[in-house]
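Trainee: Have a look at this one.
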Amino acid sequence: MKKRKISLSAACLALVVALFAGCGAGSSSNPSTASEASVASSAPSEAASTPAAKQYKVAYIARAQSDSFAAWLCNEIKAEAAANYKDITLEVFDGEANDDKENTMIENAIANKFDAIIIQANNGEAQRPYIEKVVAAGIKCITTNPRVSDIKGASSVDAQPYDQGAVNAKAALAQIPQNAKVVVLNGPAGNFHSTERRKAWQAEFFDKRPDIKVLAEDIANWNKDEAMKKMEDWVIAYGAIDAIISMNDNMCAGALEVVSGKDQYKNILSYGVDGTAEACLLIQEGKMTSTALQSAIDLAQLNMKTVHQLLTGEKTDVSVDIPAPIINKDNADQYVEMYKKTGLIK
């Protein structure tokens, strides 16, 4: 945890330095003779003889700005690009959680000859042929949150979603009582993060706890409103529910809203992934059990660093992951303070 805080503090310091760089630069002049001034004016200036720094156009195609984590990641990428990459012009596009729209945006970015395209896939397999078109066009390509694997020539910046599910599932082994009744909320079908987190829960929890009864399981597409509707139906259909197992924080928060303030559910356990500001507050308030951090700050920094390395030729192929520490009642205060410092919690 200490290492994590230092990393975030360093990122904030880098931002401050970038914002104030050059503000203290002054100018000075020395007297010169008329002949020296004449020679200087007739000679080409150093600025004129120095080639301008190459500028790059980068498209970031977000999965859906309506998703709290996707919006956080998008904002962090924009901030990182503006603060630290003056040779990059970043344009952002919203896929609106729609495969057809996202695929059209990828095709448009190819047609508009962007130097690089960063893609946050809605459905990795649906976007795969279009990502392959990016590579075939000779455009630098990164898939992120989630990565789309096995595309030759494409790089990736991501987390390990199995690990994100596993840290919660392992904790839940001792937390969820015997013979408990649970409900499960999944992300979009075919989404790498959704399927891998669910695999982790199966291997690390359900296979080891055959006493657990899954009352209901359904897809809520990372969406809070969809999760609320599912939970409303389940509360009516089943009554007693001991735990909510969700593949992200947004769906978990939606399900918790449905049972908030009801005595029957005052001890309900709940698990998510992302470590959003909302989830950290819910954990701090004792309403949510735990989440796995997926730092949009780290992902943004790595995406911009990677795309710059690809564009400048420093690297030709990159695949990198961020860690997935658990956030629970023991450390939620630290993350709430972090979000207050970044302005995500007022």
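Going by the structure tokens order, chains are called A, B, ..., each with residues numbered from 1, while ligands are numbered from 1 in the order shown.
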If you take only C-alpha atoms and a cut-off of 12 Å, which residues of region 153-211 of chain A touch region 254-265 of chain A, and what are their nearest atom pairs and distances in Å to one decimal, in chain and number order, as a tab-separated table?

Mentor:
residue	atom	partner	partner_atom	distance
A:Val183	CA	A:Ala255	CA	9.9
A:Val184	CA	A:Ala255	CA	10.3
A:Leu185	CA	A:Ala255	CA	9.0

Trainee: As a count of residues only, please: the residues near Ala216 (chain A) (cut-off 12 Å, only C-alpha atoms, same-chain neighbours under 4 positions excluded).

Mentor: 19

Trainee: Enumerate, in order of chain and increasing residue number, the residues of region 104-210 of chain A with an atom no farther than 12 Å from region 65-89 of chain A, each with its shortest atom pair and distance in Å to one decimal, counting only C-alpha atoms, as JSON lines.

Mentor:
{"residue": "A:Phe114", "atom": "CA", "partner": "A:Thr89", "partner_atom": "CA", "distance": 9.9}
{"residue": "A:Asp115", "atom": "CA", "partner": "A:Ile88", "partner_atom": "CA", "distance": 9.6}
{"residue": "A:Ala116", "atom": "CA", "partner": "A:Ile88", "partner_atom": "CA", "distance": 10.0}
{"residue": "A:Ile117", "atom": "CA", "partner": "A:Thr89", "partner_atom": "CA", "distance": 11.7}
{"residue": "A:Ile118", "atom": "CA", "partner": "A:Ile77", "partner_atom": "CA", "distance": 10.4}
{"residue": "A:Ile119", "atom": "CA", "partner": "A:Cys74", "partner_atom": "CA", "distance": 11.1}
{"residue": "A:Gln120", "atom": "CA", "partner": "A:Ala70", "partner_atom": "CA", "distance": 8.5}
{"residue": "A:Ala121", "atom": "CA", "partner": "A:Ala70", "partner_atom": "CA", "distance": 10.7}
{"residue": "A:Asn122", "atom": "CA", "partner": "A:Ala70", "partner_atom": "CA", "distance": 10.5}
{"residue": "A:Thr144", "atom": "CA", "partner": "A:Leu73", "partner_atom": "CA", "distance": 10.2}
{"residue": "A:Asn145", "atom": "CA", "partner": "A:Ala70", "partner_atom": "CA", "distance": 8.6}
{"residue": "A:Pro146", "atom": "CA", "partner": "A:Ala70", "partner_atom": "CA", "distance": 10.8}
{"residue": "A:Asp158", "atom": "CA", "partner": "A:Leu73", "partner_atom": "CA", "distance": 11.6}
{"residue": "A:Gly187", "atom": "CA", "partner": "A:Asp67", "partner_atom": "CA", "distance": 11.4}

Trainee: How about saving the chosen residues, N, CA and C atoms kept, as a PDB file, in the first residue's frame?

Mentor:
ATOM      1  N   PHE A 114      -5.202   8.835 -38.245  1.00  0.00           N
ATOM      2  CA  PHE A 114      -4.575   9.074 -36.949  1.00  0.00           C
ATOM      3  C   PHE A 114      -3.258   8.308 -36.905  1.00  0.00           C
ATOM      4  N   ASP A 115      -2.302   8.840 -36.167  1.00  0.00           N
ATOM      5  CA  ASP A 115      -1.008   8.163 -36.040  1.00  0.00           C
ATOM      6  C   ASP A 115      -1.102   6.959 -35.110  1.00  0.00           C
ATOM      7  N   ALA A 116      -2.027   7.025 -34.149  1.00  0.00           N
ATOM      8  CA  ALA A 116      -2.219   5.907 -33.213  1.00  0.00           C
ATOM      9  C   ALA A 116      -3.668   5.913 -32.749  1.00  0.00           C
ATOM     10  N   ILE A 117      -4.170   4.724 -32.424  1.00  0.00           N
ATOM     11  CA  ILE A 117      -5.539   4.586 -31.919  1.00  0.00           C
ATOM     12  C   ILE A 117      -5.489   3.702 -30.672  1.00  0.00           C
ATOM     13  N   ILE A 118      -6.021   4.238 -29.568  1.00  0.00           N
ATOM     14  CA  ILE A 118      -6.159   3.471 -28.322  1.00  0.00           C
ATOM     15  C   ILE A 118      -7.617   3.061 -28.214  1.00  0.00           C
ATOM     16  N   ILE A 119      -7.860   1.762 -28.065  1.00  0.00           N
ATOM     17  CA  ILE A 119      -9.229   1.245 -28.108  1.00  0.00           C
ATOM     18  C   ILE A 119      -9.592   0.560 -26.794  1.00  0.00           C
ATOM     19  N   GLN A 120     -10.656   1.051 -26.164  1.00  0.00           N
ATOM     20  CA  GLN A 120     -11.246   0.370 -25.014  1.00  0.00           C
ATOM     21  C   GLN A 120     -12.466  -0.388 -25.545  1.00  0.00           C
ATOM     22  N   ALA A 121     -12.277  -1.658 -25.796  1.00  0.00           N
ATOM     23  CA  ALA A 121     -13.315  -2.445 -26.473  1.00  0.00           C
ATOM     24  C   ALA A 121     -14.564  -2.608 -25.613  1.00  0.00           C
ATOM     25  N   ASN A 122     -15.699  -2.582 -26.263  1.00  0.00           N
ATOM     26  CA  ASN A 122     -16.956  -2.923 -25.605  1.00  0.00           C
ATOM     27  C   ASN A 122     -17.102  -4.439 -25.565  1.00  0.00           C
ATOM     28  N   THR A 144      -6.966  -1.514 -24.488  1.00  0.00           N
ATOM     29  CA  THR A 144      -6.851  -1.278 -23.048  1.00  0.00           C
ATOM     30  C   THR A 144      -8.186  -1.486 -22.355  1.00  0.00           C
ATOM     31  N   ASN A 145      -8.129  -2.074 -21.166  1.00  0.00           N
ATOM     32  CA  ASN A 145      -9.300  -2.153 -20.286  1.00  0.00           C
ATOM     33  C   ASN A 145     -10.588  -2.504 -21.019  1.00  0.00           C
ATOM     34  N   PRO A 146     -10.696  -3.630 -21.721  1.00  0.00           N
ATOM     35  CA  PRO A 146      -9.790  -4.759 -21.681  1.00  0.00           C
ATOM     36  C   PRO A 146      -8.851  -4.829 -22.883  1.00  0.00           C
ATOM     37  N   ASP A 158      -3.247  -2.977 -19.604  1.00  0.00           N
ATOM     38  CA  ASP A 158      -4.435  -3.491 -18.928  1.00  0.00           C
ATOM     39  C   ASP A 158      -4.109  -3.896 -17.502  1.00  0.00           C
ATOM     40  N   GLY A 187     -20.647  -8.506 -16.209  1.00  0.00           N
ATOM     41  CA  GLY A 187     -20.485  -7.491 -17.239  1.00  0.00           C
ATOM     42  C   GLY A 187     -20.931  -8.031 -18.583  1.00  0.00           C
TER      43      GLY A 187
END

Trainee: Please provide as a PyMOL selection string all residues within 7 Å of region 192-200 of chain A, with the sequence filter that same-chain residues fewer than 5 positions apart are discarded (counting only C-alpha atoms).

Mentor: chain A and resi 124+146+161-162+164-166+186-187+247

Trainee: Fewer than 3 positions away in the same chain doesn't count, so skip those; otherwise give me all residues within 6 Å of region 285-300 of chain A, counting only C-alpha atoms, as a list in words.

Mentor: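 In the requested format, the answer is Leu73, Glu76, Ile77, Gln164, Leu269, Ser270, Tyr271, Gly272, Val273, Asp274, Gly275, Leu282, Asn303, Ala324, Pro325, Ile326, Ile327 and Asn328 of chain A.
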
Trainee: Next, the residues of the selection above should be written as an mmCIF file, in the first residue's frame with C-alpha atoms.

Mentor:
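Saved as selection33.cif:
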data_model
loop_
_atom_site.group_PDB
_atom_site.id
_atom_site.type_symbol
_atom_site.label_atom_id
_atom_site.label_comp_id
_atom_site.auth_asym_id
_atom_site.auth_seq_id
_atom_site.Cartn_x
_atom_site.Cartn_y
_atom_site.Cartn_z
ATOM 1 C CA LEU A 73 -10.210 6.441 -17.272
ATOM 2 C CA GLU A 76 -7.321 10.621 -16.667
ATOM 3 C CA ILE A 77 -6.045 9.917 -20.188
ATOM 4 C CA GLN A 164 -9.119 -8.649 -9.592
ATOM 5 C CA LEU A 269 -22.128 -8.517 2.002
ATOM 6 C CA SER A 270 -21.112 -7.108 -1.371
ATOM 7 C CA TYR A 271 -18.089 -7.229 -3.651
ATOM 8 C CA GLY A 272 -17.014 -5.249 -6.710
ATOM 9 C CA VAL A 273 -14.021 -4.332 -8.869
ATOM 10 C CA ASP A 274 -12.468 -1.008 -9.897
ATOM 11 C CA GLY A 275 -11.937 0.829 -6.633
ATOM 12 C CA LEU A 282 -19.537 2.777 0.439
ATOM 13 C CA ASN A 303 -1.327 4.200 -22.028
ATOM 14 C CA ALA A 324 -4.952 -5.255 -8.254
ATOM 15 C CA PRO A 325 -4.778 -4.548 -4.493
ATOM 16 C CA ILE A 326 -7.896 -5.146 -2.395
ATOM 17 C CA ILE A 327 -9.712 -2.220 -0.775
ATOM 18 C CA ASN A 328 -11.696 -3.008 2.377
#

Trainee: In Å, how far is it from CA of Gly138 (chain A) to CA of Val92 (chain A)?

Mentor: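 Separation of CA of Gly138 (chain A) and CA of Val92 (chain A): 20.3 Å.
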
Trainee: Would you mind telling me which residue in A:Met251, A:Ala53, A:Ile106, A:Val58 lies nearest to Lys224 (chain A) when using only C-alpha atoms?

Mentor: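 Ranking A:Met251, A:Ala53, A:Ile106, A:Val58 by distance to Lys224 (chain A), first place goes to A:Met251.
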
Trainee: What are the closest atom pairs, with distances in Å to one decimal, for each residue of region 221-313 of chain A lying within 9 Å of region 335-342 of chain A, using only C-alpha atoms, rows by chain and rising residue number, as a Markdown table?

Mentor:
| residue | atom | partner | partner_atom | distance |
| --- | --- | --- | --- | --- |
| A:Gly275 | CA | A:Tyr335 | CA | 8.5 |
| A:Thr276 | CA | A:Tyr339 | CA | 8.9 |
| A:Ala277 | CA | A:Tyr339 | CA | 6.3 |
| A:Cys280 | CA | A:Val336 | CA | 6.1 |
| A:Leu281 | CA | A:Val336 | CA | 6.6 |
| A:Gln284 | CA | A:Val336 | CA | 8.1 |

Trainee: Name the residues of region 47-240 of chain A that come out as strand (DSSP E or B) in a backbone DSSP run; write them as a VMD selection string.

Mentor: chain A and resid 56 to 62 88 to 94 116 to 119 140 to 144 155 to 159 181 to 186 213 to 219

Trainee: I need the residues from that last selection saved to file as a CSV table (one decimal), in the first residue's frame (with C-alpha atoms), if you can.

Mentor:
chain,number,residue,atom,x,y,z
A,56,TYR,CA,1.2,13.2,-33.5
A,57,LYS,CA,-2.6,12.6,-33.7
A,58,VAL,CA,-4.0,10.0,-31.3
A,59,ALA,CA,-7.6,8.8,-31.1
A,60,TYR,CA,-8.9,7.4,-27.8
A,61,ILE,CA,-12.1,5.4,-28.4
A,62,ALA,CA,-13.8,4.9,-25.1
A,88,ILE,CA,0.4,14.6,-29.0
A,89,THR,CA,-3.0,15.9,-29.9
A,90,LEU,CA,-5.6,13.5,-28.3
A,91,GLU,CA,-9.2,13.2,-29.6
A,92,VAL,CA,-11.7,11.2,-27.6
A,93,PHE,CA,-14.7,9.3,-29.0
A,94,ASP,CA,-17.5,7.7,-27.1
A,116,ALA,CA,-2.2,5.9,-33.2
A,117,ILE,CA,-5.5,4.6,-31.9
A,118,ILE,CA,-6.2,3.5,-28.3
A,119,ILE,CA,-9.2,1.2,-28.1
A,140,LYS,CA,0.0,2.2,-34.0
A,141,CYS,CA,-2.7,0.4,-31.9
A,142,ILE,CA,-3.2,-0.2,-28.2
A,143,THR,CA,-6.1,-2.1,-26.7
A,144,THR,CA,-6.9,-1.3,-23.0
A,155,SER,CA,0.0,-3.5,-28.0
A,156,SER,CA,-1.9,-3.7,-24.8
A,157,VAL,CA,-2.2,-1.8,-21.5
A,158,ASP,CA,-4.4,-3.5,-18.9
A,159,ALA,CA,-4.9,-5.2,-15.6
A,181,LYS,CA,-27.8,-17.3,-0.7
A,182,VAL,CA,-26.1,-15.0,-3.2
A,183,VAL,CA,-26.8,-13.2,-6.4
A,184,VAL,CA,-24.3,-12.5,-9.2
A,185,LEU,CA,-24.0,-9.5,-11.5
A,186,ASN,CA,-21.9,-9.9,-14.7
A,213,LYS,CA,-26.6,-21.3,-3.3
A,214,VAL,CA,-26.7,-18.9,-6.3
A,215,LEU,CA,-30.2,-17.6,-6.3
A,216,ALA,CA,-29.8,-15.7,-9.6
A,217,GLU,CA,-27.1,-14.6,-12.0
A,218,ASP,CA,-27.5,-12.1,-14.9
A,219,ILE,CA,-25.7,-9.6,-17.1
